[in-house]
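Visitor: Got a structure for you, model.txt, holding compact mmCIF, C-alpha atoms.
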# COMPACT_ATOMS: atom_id res chain seq x y z
CA MET A 1 11.53 106.18 84.36
CA GLN A 2 11.49 109.66 85.78
CA ASP A 3 10.90 108.18 89.23
CA LEU A 4 14.35 106.66 89.43
CA SER A 5 16.18 109.71 88.06
CA HIS A 6 14.18 111.90 90.42
CA ASN A 7 14.93 109.60 93.39
CA VAL A 8 18.62 109.42 92.56
CA VAL A 9 19.03 113.19 92.29
CA ARG A 10 16.94 113.73 95.43
CA GLU A 11 19.05 111.17 97.32
CA LEU A 12 22.25 112.88 96.15
CA GLU A 13 20.87 116.21 97.33
CA SER A 14 19.83 114.84 100.71
CA ARG A 15 23.34 113.39 101.19
CA GLY A 16 24.87 116.64 100.03
CA ALA A 17 26.89 114.44 97.70
CA SER A 18 29.26 115.70 95.07
CA PRO A 19 31.67 113.74 92.87
CA ARG A 20 34.91 112.82 94.61
CA PRO A 21 37.67 115.12 93.40
CA ARG A 22 39.83 113.97 90.52
CA TRP A 23 43.01 114.11 92.62
CA HIS A 24 41.57 111.37 94.84
CA PHE A 25 41.54 108.94 91.90
CA VAL A 26 44.88 110.14 90.57
CA PHE A 27 46.34 109.57 94.04
CA MET A 28 44.85 106.06 94.32
CA ARG A 29 46.17 105.10 90.90
CA ALA A 30 49.58 106.52 91.76
CA LEU A 31 49.56 104.37 94.91
CA PHE A 32 48.98 101.22 92.86
CA TRP A 33 51.72 102.17 90.40
CA LEU A 34 53.99 102.83 93.37
CA LEU A 35 53.14 99.47 94.93
CA SER A 36 53.96 97.83 91.63
CA ALA A 37 57.22 99.73 91.15
CA VAL A 38 58.43 99.22 94.74
CA SER A 39 57.60 95.53 94.48
CA VAL A 40 59.65 95.24 91.29
CA VAL A 41 62.61 96.93 93.01
CA ILE A 42 62.35 94.70 96.11
CA GLY A 43 61.92 91.65 93.88
CA GLY A 44 64.99 92.81 91.93
CA MET A 45 66.94 93.17 95.15
CA ALA A 46 65.93 89.66 96.21
CA PHE A 47 67.11 88.31 92.87
CA SER A 48 70.39 90.21 93.08
CA VAL A 49 71.11 88.74 96.53
CA GLY A 50 70.17 85.29 95.27
CA TRP A 51 72.37 85.80 92.22
CA TYR A 52 75.27 86.86 94.41
CA VAL A 53 74.86 83.89 96.75
CA PHE A 54 74.61 81.40 93.90
CA PHE A 55 77.05 82.73 91.31
CA ASP A 56 79.28 85.46 92.66
CA ASN A 57 79.94 84.32 96.19
CA ASP A 58 83.63 83.46 95.96
CA GLY A 59 84.50 80.13 97.38
CA LEU A 60 81.05 78.50 97.11
CA HIS A 61 81.51 75.24 95.29
CA VAL A 62 78.45 74.38 93.30
CA SER A 63 78.38 70.86 91.95
CA LEU A 64 75.68 68.49 90.78
CA SER A 65 75.67 66.84 94.19
CA ASN A 66 74.97 70.00 96.20
CA ILE A 67 73.15 72.15 93.66
CA LEU A 68 69.76 71.65 95.32
CA GLN A 69 71.21 72.67 98.67
CA VAL A 70 72.89 75.76 97.27
CA VAL A 71 69.92 77.27 95.43
CA PRO A 72 68.91 80.39 97.39
CA TYR A 73 65.27 79.36 97.77
CA ILE A 74 64.46 82.08 100.25
CA TRP A 75 65.35 84.79 97.75
CA LEU A 76 63.37 83.07 95.03
CA VAL A 77 60.39 82.99 97.38
CA VAL A 78 60.85 86.70 98.17
CA LEU A 79 61.07 87.42 94.43
CA GLY A 80 57.87 85.42 93.86
CA VAL A 81 56.00 87.22 96.63
CA PHE A 82 56.94 90.64 95.28
CA ILE A 83 56.12 89.67 91.71
CA VAL A 84 52.64 88.80 92.98
CA CYS A 85 52.45 92.16 94.82
CA ALA A 86 53.60 93.98 91.69
CA TYR A 87 50.99 92.12 89.63
CA LEU A 88 48.20 92.94 92.07
CA GLY A 89 49.21 96.60 92.05
CA PHE A 90 49.38 96.69 88.26
CA ARG A 91 46.02 94.92 87.96
CA GLN A 92 44.39 97.79 89.87
CA THR A 93 45.75 100.49 87.60
CA LYS A 94 43.37 102.00 85.10
CA LYS A 95 43.96 99.56 82.25
CA GLY A 96 45.94 96.87 84.05
CA TYR A 97 43.10 94.37 83.72
CA ARG A 98 43.38 94.38 79.92
CA TYR A 99 46.63 92.42 79.88
CA SER A 100 46.88 88.70 80.47
CA ALA A 101 48.24 87.67 83.85
CA LEU A 102 50.93 85.54 82.23
CA LEU A 103 52.21 88.39 80.08
CA VAL A 104 52.22 90.86 82.97
CA VAL A 105 54.01 88.43 85.29
CA ALA A 106 56.58 87.72 82.55
CA TRP A 107 57.24 91.44 82.08
CA LEU A 108 57.48 92.02 85.82
CA MET A 109 60.01 89.16 86.06
CA VAL A 110 62.06 90.69 83.27
CA ALA A 111 61.88 94.09 84.96
CA SER A 112 62.87 92.62 88.34
CA ILE A 113 65.80 90.75 86.83
CA ALA A 114 66.93 93.89 84.99
CA VAL A 115 66.79 95.79 88.29
CA ALA A 116 68.70 92.92 89.91
CA PHE A 117 71.59 93.24 87.46
CA VAL A 118 71.77 96.98 88.00
CA LEU A 119 71.88 96.42 91.78
CA ASP A 120 74.41 93.63 91.30
CA ALA A 121 76.67 95.98 89.36
CA TYR A 122 76.78 98.16 92.48
CA ASP A 123 77.27 95.14 94.78
CA ILE A 124 73.98 95.85 96.52
CA GLY A 125 73.13 92.12 96.58
CA GLN A 126 76.43 91.34 98.25
CA GLY A 127 75.89 94.17 100.75
CA VAL A 128 72.42 92.93 101.72
CA HIS A 129 73.65 89.34 102.03
CA LYS A 130 76.59 90.26 104.26
CA TYR A 131 74.50 92.68 106.31
CA LEU A 132 71.87 90.01 107.01
CA LEU A 133 74.52 87.44 107.85
CA SER A 134 76.16 89.67 110.41
CA HIS A 135 73.07 91.37 111.85
CA THR A 136 70.46 88.61 112.04
CA ASP A 137 70.33 85.13 113.54
CA PHE A 138 67.75 83.62 111.24
CA TYR A 139 69.27 84.45 107.85
CA ASP A 140 72.18 82.06 108.14
CA ASP A 141 69.74 79.18 108.67
CA LEU A 142 67.82 80.10 105.54
CA ILE A 143 70.68 80.22 103.11
CA PHE A 144 73.63 78.04 102.14
CA SER A 145 76.61 80.19 101.25
CA SER A 146 80.39 80.07 101.09
CA GLU A 147 80.36 81.21 104.73
CA ASP A 148 78.62 77.91 105.59
CA GLU A 149 81.23 75.94 103.66
CA ALA A 150 83.94 77.69 105.60
CA ASP A 151 82.28 76.72 108.92
CA MET U 1 15.91 120.00 67.08
CA GLU U 2 19.16 119.87 68.97
CA PRO U 3 20.94 116.51 68.52
CA ALA U 4 21.10 114.36 71.64
CA LYS U 5 24.20 114.95 73.67
CA THR U 6 26.80 112.19 73.86
CA ASP U 7 27.44 110.46 77.16
CA GLN U 8 30.79 112.18 77.41
CA GLU U 9 29.20 115.59 76.91
CA LEU U 10 26.61 114.77 79.54
CA VAL U 11 29.27 113.68 82.02
CA ALA U 12 31.02 117.02 81.56
CA LEU U 13 27.71 118.81 82.16
CA VAL U 14 26.87 116.73 85.24
CA LEU U 15 30.21 117.65 86.79
CA LYS U 16 29.06 121.27 86.61
CA ASN U 17 25.39 120.76 87.37
CA ARG U 18 24.00 117.82 89.34
CA ASP U 19 20.50 118.15 87.83
CA GLU U 20 21.84 117.13 84.43
CA TYR U 21 22.41 113.69 85.92
CA ARG U 22 18.71 112.93 85.40
CA VAL U 23 19.32 112.65 81.66
CA LEU U 24 22.08 110.06 82.09
CA VAL U 25 19.99 108.09 84.59
CA GLU U 26 17.02 108.07 82.24
CA ARG U 27 19.24 106.96 79.36
CA TYR U 28 20.65 103.95 81.20
CA GLU U 29 17.79 102.96 83.47
CA VAL U 30 16.05 100.60 81.06
CA PRO U 31 19.09 98.66 79.79
CA LEU U 32 20.56 98.36 83.28
CA ARG U 33 17.25 97.28 84.83
CA ARG U 34 16.99 94.60 82.15
CA TYR U 35 20.60 93.56 82.75
CA VAL U 36 20.36 93.18 86.53
CA GLY U 37 17.05 91.37 86.01
CA ARG U 38 18.85 88.94 83.74
CA LEU U 39 21.49 88.45 86.40
CA GLY U 40 18.69 87.28 88.67
CA ALA U 41 17.46 90.33 90.60
CA ASP U 42 13.72 90.65 91.15
CA ASP U 43 12.01 94.01 90.56
CA GLU U 44 12.48 95.25 94.11
CA LEU U 45 16.14 94.27 94.27
CA ALA U 46 16.76 95.63 90.78
CA LYS U 47 15.40 98.99 91.91
CA ASP U 48 17.79 99.09 94.88
CA ILE U 49 20.75 97.95 92.76
CA LEU U 50 20.05 100.61 90.16
CA GLN U 51 19.62 103.41 92.66
CA GLU U 52 22.85 102.49 94.44
CA SER U 53 24.69 102.03 91.12
CA PHE U 54 23.69 105.47 89.87
CA ILE U 55 24.68 107.07 93.17
CA LYS U 56 28.07 105.33 93.09
CA ALA U 57 28.56 106.31 89.46
CA TYR U 58 27.85 109.94 90.34
CA LEU U 59 30.27 109.93 93.27
CA ASN U 60 32.99 108.40 91.08
CA LEU U 61 32.27 110.45 87.98
CA ASN U 62 35.73 112.00 88.04
CA ASP U 63 37.17 108.50 87.72
CA TYR U 64 35.33 107.87 84.46
CA ASP U 65 37.84 107.47 81.67
CA THR U 66 36.41 109.02 78.52
CA ALA U 67 38.48 106.54 76.46
CA LEU U 68 36.02 103.87 77.67
CA SER U 69 32.38 103.81 76.69
CA PHE U 70 30.19 105.23 79.42
CA SER U 71 27.89 102.27 78.87
CA ALA U 72 30.65 99.77 79.76
CA TRP U 73 31.57 101.83 82.83
CA MET U 74 27.94 101.94 83.98
CA TYR U 75 27.46 98.22 83.35
CA ARG U 76 30.59 97.52 85.41
CA ILE U 77 29.24 99.51 88.35
CA ALA U 78 25.80 97.86 88.09
CA HIS U 79 27.39 94.41 87.80
CA ASN U 80 29.56 94.97 90.89
CA GLU U 81 26.62 96.36 92.82
CA ALA U 82 24.44 93.40 91.85
CA MET U 83 27.13 90.93 92.95
CA SER U 84 27.55 92.81 96.19
CA GLN U 85 23.79 92.75 96.88
CA PHE U 86 23.59 89.03 96.05
CA ARG U 87 26.47 88.39 98.46
CA LYS U 88 24.77 90.40 101.20
CA ALA U 89 21.56 88.46 100.70
CA ARG U 90 23.66 85.23 100.60
CA VAL U 91 21.78 84.11 97.53
CA ARG U 92 22.63 84.03 93.90
CA PRO U 93 19.25 84.00 92.20
CA SER U 94 18.82 82.01 89.06
CA PRO U 95 19.42 84.19 86.01
CA LEU U 96 17.24 84.44 82.91
CA LYS U 97 14.04 83.57 84.71
CA ARG U 98 11.84 85.25 82.16
CA GLU U 99 10.37 83.12 79.42
CA GLU U 100 11.11 85.75 76.78
CA ASP U 101 14.82 85.63 77.65
CA LEU U 102 14.89 81.90 77.04
CA MET U 103 13.04 82.33 73.75
CA LEU U 104 15.54 85.01 72.82
CA PHE U 105 18.41 82.66 73.65
CA GLU U 106 17.06 80.06 71.27
CA MET U 107 16.84 82.61 68.49
CA ILE U 108 20.37 83.94 68.82
CA PRO U 109 22.35 82.48 65.89
CA ASP U 110 25.58 81.81 67.75
CA PRO U 111 24.38 79.69 70.68
CA LEU U 112 21.64 78.15 68.56
CA ASP U 113 23.95 75.26 67.80
CA ILE U 114 24.04 74.54 71.52
CA VAL U 115 20.30 74.25 71.60
CA MET U 116 20.05 72.29 68.38
CA GLU U 117 22.64 69.78 69.48
CA ALA U 118 20.63 68.96 72.55
CA ASP U 119 17.66 66.69 72.50
CA ALA U 120 15.16 67.96 69.98
CA ALA U 121 12.36 67.52 72.46
CA MET U 122 14.13 69.65 75.01
CA ASP U 123 11.88 72.17 76.61
CA ARG U 124 12.83 75.53 78.02
CA GLY U 125 12.94 74.11 81.50
CA VAL U 126 16.02 72.13 80.49
CA LEU U 127 17.66 75.25 79.13
CA ARG U 128 16.74 77.20 82.25
CA ASP U 129 18.10 74.46 84.54
CA ALA U 130 21.27 74.17 82.50
CA ILE U 131 21.92 77.91 82.66
CA ALA U 132 21.23 77.90 86.40
CA GLY U 133 23.70 75.03 86.74
CA LEU U 134 26.55 77.04 85.23
CA GLU U 135 29.15 78.68 87.45
CA SER U 136 28.26 82.34 87.93
CA ARG U 137 31.31 83.59 85.99
CA TYR U 138 30.09 81.66 82.95
CA ARG U 139 26.45 82.68 83.37
CA ASP U 140 27.38 86.35 83.68
CA ILE U 141 29.50 86.28 80.57
CA LEU U 142 26.76 84.53 78.55
CA VAL U 143 24.28 87.18 79.66
CA LEU U 144 26.61 89.98 78.57
CA ARG U 145 27.52 88.39 75.25
CA PHE U 146 24.24 86.98 74.04
CA PHE U 147 21.56 89.01 75.80
CA GLU U 148 23.16 92.39 76.25
CA GLU U 149 24.98 91.89 72.93
CA LYS U 150 28.19 93.38 74.23
CA SER U 151 31.40 93.09 72.24
CA TYR U 152 34.40 91.24 73.67
CA ASN U 153 36.05 94.60 74.21
CA GLU U 154 33.10 95.92 76.22
CA ILE U 155 32.85 92.71 78.26
CA SER U 156 36.56 93.05 78.98
CA ASP U 157 35.92 96.55 80.36
CA ILE U 158 32.79 95.55 82.28
CA LEU U 159 34.24 92.48 83.97
CA ARG U 160 37.79 93.87 84.13
CA MET U 161 39.47 90.94 82.42
CA PRO U 162 41.62 90.59 79.28
CA GLU U 163 39.79 90.07 75.99
CA GLY U 164 41.49 86.71 75.57
CA THR U 165 40.03 85.57 78.89
CA VAL U 166 36.60 86.79 77.78
CA ALA U 167 36.84 84.64 74.65
CA THR U 168 38.02 81.64 76.66
CA HIS U 169 35.21 82.02 79.20
CA ILE U 170 32.60 82.32 76.45
CA ASN U 171 33.85 79.15 74.78
CA ARG U 172 33.96 77.27 78.07
CA ALA U 173 30.52 78.57 79.03
CA LYS U 174 29.07 77.29 75.75
CA GLN U 175 30.82 73.95 76.15
CA LYS U 176 29.60 73.55 79.73
CA LEU U 177 26.10 74.60 78.79
CA ARG U 178 26.09 72.02 76.02
CA GLU U 179 27.23 69.31 78.46
CA LEU U 180 24.66 70.33 81.07
CA MET U 181 21.87 70.35 78.53
CA LYS U 182 22.80 66.92 77.24
CA GLY U 183 22.99 65.66 80.81
CA ARG U 184 19.58 67.03 81.66
CA ALA U 185 17.90 66.01 78.42
CA GLU U 186 19.09 62.36 78.41
CA PRO U 187 17.01 61.05 81.34
CA ARG U 188 13.91 62.23 79.56
CA GLU U 189 14.40 59.84 76.64
Reformat the file's structure so that it appears as structure tokens.
Guide:
Amino acid sequence: MQDLSHNVVRELESRGASPRPRWHFVFMRALFWLLSAVSVVIGGMAFSVGWYVFFDNDGLHVSLSNILQVVPYIWLVVLGVFIVCAYLGFRQTKKGYRYSALLVVAWLMVASIAVAFVLDAYDIGQGVHKYLLSHTDFYDDLIFSSEDEAD
Amino acid sequence: MEPAKTDQELVALVLKNRDEYRVLVERYEVPLRRYVGRLGADDELAKDILQESFIKAYLNLNDYDTALSFSAWMYRIAHNEAMSQFRKARVRPSPLKREEDLMLFEMIPDPLDIVMEADAAMDRGVLRDAIAGLESRYRDILVLRFFEEKSYNEISDILRMPEGTVATHINRAKQKLRELMKGRAEPRE
């Protein structure tokens, strides 16, 4: 028994090893929390743009016949991707593994949607949508909006 | 005689004086050697896994959360190290190779029903084959629950999964083991 403890301590001495400082772990955990929080905000922004395109975009006529065409899939995909990122970040926090994936994802969805409504109140979703429409070529192809109906 | 120091007290001492680490290593060497052996490591590999696990634990000692049991934290490190070594060697040795482990398994009250439900003439070879036939996630959880006698809470901390998932995996592991044992025992009739 003493052999192993002796070997371990001798190996630590020969490597000149000392425990990594506490700040290193605090920093790493903070990074995962940050990843999770930023992902929730980006997911919220995606939902607020999607919400704007689907519900608030004046002039877009949603009916049973075109509802599948009008759903802003791209923003739902972006929301999904960032929910996954937020979950992965949360899972790496100190006690993140203790909660069921389903529960965590549900809470992250709720948080993202809450963020989305805050952003929507400040017309951030509308701003992002209009910015992408006027500054990119690809966005218009990915989304069906009132601007398309006007075309 | 001075009462033995708790793990948490020892961790605090080790952070000030490396030599104190010997006491922690000596305290956990036997259970961890037994555990990695049950996961499938032979003596030589177990020695390497343990040495590397204790070194990693020392380097990450400031990350140890005193709200967790030190035992669960150490088991987690040893488990991860064992999996990493098995991956490097591209083999996943069969667990529970020792005869006494199989005897122990038969005597544990909870999984006894699994054994009893199988063919009465079943020998330990059937049990060994059935355990080896389980997916590693189920084998590992059976080892922790029934051989290391860890609580669901500790297994949750060791394998970093929710307690509910631990319970589900244990139930599925038992069910699959039962099916495998029936499957292996039937051709013998």
Visitor: Mind giving me the straight-line distance from atom CA of Tyr21 of chain U to atom CA of Met28 of chain A in Å, one decimal?
Guide: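 That distance, rounded to one decimal, is 25.1 Å.
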Visitor: With 6 Å as the limit and counting only C-alpha atoms, what residues in chain U lie close to chain A? Please list them as a PyMOL selection string.
Guide: chain U and resi 22+25+58-62+160-162
Visitor: Expressed in Å to a single decimal, how great is the separation between atom CA of Leu133 of chain A and atom CA of Ala46 of chain A?
Guide: 14.6 Å
Visitor: Would you mind reading off the distance between atom CA of Val104 of chain A and atom CA of Ser39 of chain A, one decimal, in Å?
Guide: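 These two atoms are separated by 13.5 Å.
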Visitor: Return as lines of an AutoDock Vina configuration file the box centre and box size in Å, one decimal, for an axis-aligned box around all listed atoms of segment 4-18 of chain U padded by 6 Å per side.
Guide:
center_x = 26.1
center_y = 115.9
center_z = 80.5
size_x = 21.9
size_y = 22.8
size_z = 29.7
Visitor: Measuring between all atoms listed in the file, which one of U:Glu9, U:Tyr152, U:Leu177, U:Ala167 shows the shortest distance to Glu135 of chain U?
Guide: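 Once distances to Glu135 of chain U are computed over all atoms listed in the file, the minimum belongs to U:Leu177.
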Visitor: For Lys56 of chain U, which residue among U:Glu154, U:Glu179, U:Glu44, U:Glu81 is the nearest when counting all atoms listed in the file?
Guide: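 Ranking U:Glu154, U:Glu179, U:Glu44, U:Glu81 by distance to Lys56 of chain U, first place goes to U:Glu81.
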Visitor: What's the 9 Å shell around segment 45-53 of chain U, counting only C-alpha atoms, without same-chain residues fewer than 5 positions away, as a PyMOL selection string?
Guide: (chain A and resi 4-5+7-8) or (chain U and resi 29+32-34+36-37+40+58+74+77-82+85)
Visitor: Name the closest residue to Ser136 of chain U among the candidates U:Ile158, U:Val11, U:Val30, U:Ala173; distances are taken between atoms, counting all atoms listed in the file.
Guide: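 Distance minimum relative to Ser136 of chain U lands on U:Ala173.
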